[in-house]
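First the structure, in the form of structure tokens, and then the observations on it.
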Amino acid sequence: MIDHARDLVSVHEATERLLTAAAKLDNASVTEPSRLPGWSRGHVLAHLARNADALVNVLEGRPMYVSATARDADIERDSPRPLDVQLADVRESAGRFQEMGAVPADWSRTVELRNGVTDAAARVPFRRWVEVELHHVDLGIGYELEDLPAEFVEREIDFLAERFTGHPDVPPTRLTDGTRAWSTGREADSSEITVRGAAPDLLGWLAGRRDGSGLSAEGGPLPSLPPL
């Protein structure tokens, strides 16, 4: 059962962590590369702000973005801004998202995100939590996958394993951190590959943040995952 109200609290806490950490930067470091290819830290911060507004659109029944081109153009437009402007935008857009989340609504309804993807409205706060936590890591300012809340790590592995389930390009795969296990990939038409490692390493690999070098694979090579 998805608890959207609890997830909204987690989103707020994650946003405060990110803002507190990013406030230690300066204007020059905002222009430096992030861990995402082709994006500066300013791109990451701009994306976080525009994503919050986009998810408000989703909850209000509007298209998430006008178009993919407009989304990219907005991020490029906003990426060079000074640090104080970036942080104010992240904070204010996060506030708009929280306000929208507090409006009484049918959280069981289906909403549409990008590229025709649909989901329950109740999962939108968790999707925002994912954006804030992973992009905090992407900033490359000392917050690592190992610093993520344990509940978040487990739920995001659940989410990503489900996302790759049935994917024709991913072989039948069992994931385990030694305590928990997940299954993903296409149906077991052949022997399963077992991928073992610490939960942050599993998450990093699934989310495209790590190359899987911290993992071990049995029954075959470590699968190559398609982009998210």
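In the structure tokens, chains take the letters A, B, ... in the order shown, each chain's residues start at 1, and ligands count up from 1 in the order shown.
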Nearby residues (only C-alpha atoms) at most 9 Å from Trp129 (chain A), same-chain spacing under 4 positions excluded, as an MDAnalysis selection string:
chainID A and resid 7:8 10:12 14:15 124:125 133:134 152
Do a neighbour search on region 98-109 of chain A at 7 Å with only C-alpha atoms, toss out local chain neighbours closer than 4 positions, and write the hits as a ChimeraX atom specification.
/A:8,56,94,120-122
Store the residues of this selection in a file with N, CA and C atoms, as an mmCIF file, in the first residue's frame.
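Done, and the output landed in selection_38.cif:
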data_model
loop_
_atom_site.group_PDB
_atom_site.id
_atom_site.type_symbol
_atom_site.label_atom_id
_atom_site.label_comp_id
_atom_site.auth_asym_id
_atom_site.auth_seq_id
_atom_site.Cartn_x
_atom_site.Cartn_y
_atom_site.Cartn_z
ATOM 1 N N LEU A 8 5.437 12.191 0.914
ATOM 2 C CA LEU A 8 5.605 13.642 0.806
ATOM 3 C C LEU A 8 6.512 14.171 1.912
ATOM 4 N N VAL A 56 3.565 18.722 -10.619
ATOM 5 C CA VAL A 56 2.337 19.449 -10.292
ATOM 6 C C VAL A 56 1.381 19.367 -11.483
ATOM 7 N N ALA A 94 9.643 23.159 -5.027
ATOM 8 C CA ALA A 94 9.355 22.067 -4.089
ATOM 9 C C ALA A 94 8.158 22.422 -3.216
ATOM 10 N N ALA A 120 -0.264 5.235 -10.703
ATOM 11 C CA ALA A 120 -1.220 5.737 -9.715
ATOM 12 C C ALA A 120 -0.739 7.092 -9.209
ATOM 13 N N ALA A 121 -1.663 7.993 -8.980
ATOM 14 C CA ALA A 121 -1.297 9.302 -8.444
ATOM 15 C C ALA A 121 -0.528 9.162 -7.134
ATOM 16 N N ALA A 122 -0.888 8.142 -6.356
ATOM 17 C CA ALA A 122 -0.253 7.948 -5.054
ATOM 18 C C ALA A 122 1.242 7.673 -5.163
#
Region 109-159 of chain A near region 210-219 of chain A within 12 Å: what's each residue's closest atom pair and its distance in Å to one decimal, counting only C-alpha atoms, ordered by chain then ascending residue number, as a tab-separated table?
residue	atom	partner	partner_atom	distance
A:Leu134	CA	A:Arg210	CA	12.0
A:Val137	CA	A:Arg210	CA	11.6
A:Asp138	CA	A:Arg210	CA	11.3
A:Glu144	CA	A:Arg210	CA	11.3
A:Leu145	CA	A:Arg210	CA	9.8
All residues 9 Å or closer to Leu225 (chain A), only C-alpha atoms, same chain fewer than 3 positions away omitted, as a PDB file with N, CA, C and O atoms, in the first residue's frame:
ATOM      1  N   PHE A 164      12.262  -3.412 -15.083  1.00  0.00           N
ATOM      2  CA  PHE A 164      12.961  -4.245 -16.057  1.00  0.00           C
ATOM      3  C   PHE A 164      12.346  -5.639 -16.199  1.00  0.00           C
ATOM      4  O   PHE A 164      12.771  -6.414 -17.055  1.00  0.00           O
ATOM      5  N   ASP A 169      15.392  -7.535 -23.479  1.00  0.00           N
ATOM      6  CA  ASP A 169      16.845  -7.423 -23.570  1.00  0.00           C
ATOM      7  C   ASP A 169      17.561  -7.722 -22.257  1.00  0.00           C
ATOM      8  O   ASP A 169      18.792  -7.653 -22.192  1.00  0.00           O
ATOM      9  N   VAL A 170      16.799  -8.033 -21.212  1.00  0.00           N
ATOM     10  CA  VAL A 170      17.398  -8.330 -19.910  1.00  0.00           C
ATOM     11  C   VAL A 170      17.143  -9.798 -19.590  1.00  0.00           C
ATOM     12  O   VAL A 170      15.993 -10.223 -19.487  1.00  0.00           O
ATOM     13  N   TRP A 205      23.708   0.246  -9.996  1.00  0.00           N
ATOM     14  CA  TRP A 205      23.738  -0.455 -11.285  1.00  0.00           C
ATOM     15  C   TRP A 205      22.385  -0.355 -11.985  1.00  0.00           C
ATOM     16  O   TRP A 205      22.303  -0.016 -13.178  1.00  0.00           O
ATOM     17  N   LEU A 206      21.310  -0.622 -11.258  1.00  0.00           N
ATOM     18  CA  LEU A 206      19.972  -0.564 -11.844  1.00  0.00           C
ATOM     19  C   LEU A 206      19.632   0.840 -12.343  1.00  0.00           C
ATOM     20  O   LEU A 206      18.945   1.000 -13.357  1.00  0.00           O
ATOM     21  N   GLY A 208      21.730   3.123 -13.360  1.00  0.00           N
ATOM     22  CA  GLY A 208      22.703   3.671 -14.293  1.00  0.00           C
ATOM     23  C   GLY A 208      23.705   4.605 -13.665  1.00  0.00           C
ATOM     24  O   GLY A 208      24.356   5.394 -14.361  1.00  0.00           O
ATOM     25  N   LEU A 228      17.225   3.887 -18.748  1.00  0.00           N
ATOM     26  CA  LEU A 228      15.913   4.091 -18.131  1.00  0.00           C
ATOM     27  C   LEU A 228      15.094   5.080 -18.965  1.00  0.00           C
ATOM     28  O   LEU A 228      15.640   5.974 -19.574  1.00  0.00           O
TER      29      LEU A 228
END
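Within 8 Å of Ile141 (chain A), once only C-alpha atoms are used and residues closer than 3 positions along the same chain are dropped, the contacting residues are Ala21, Ala22, His136 and Val137 of chain A.
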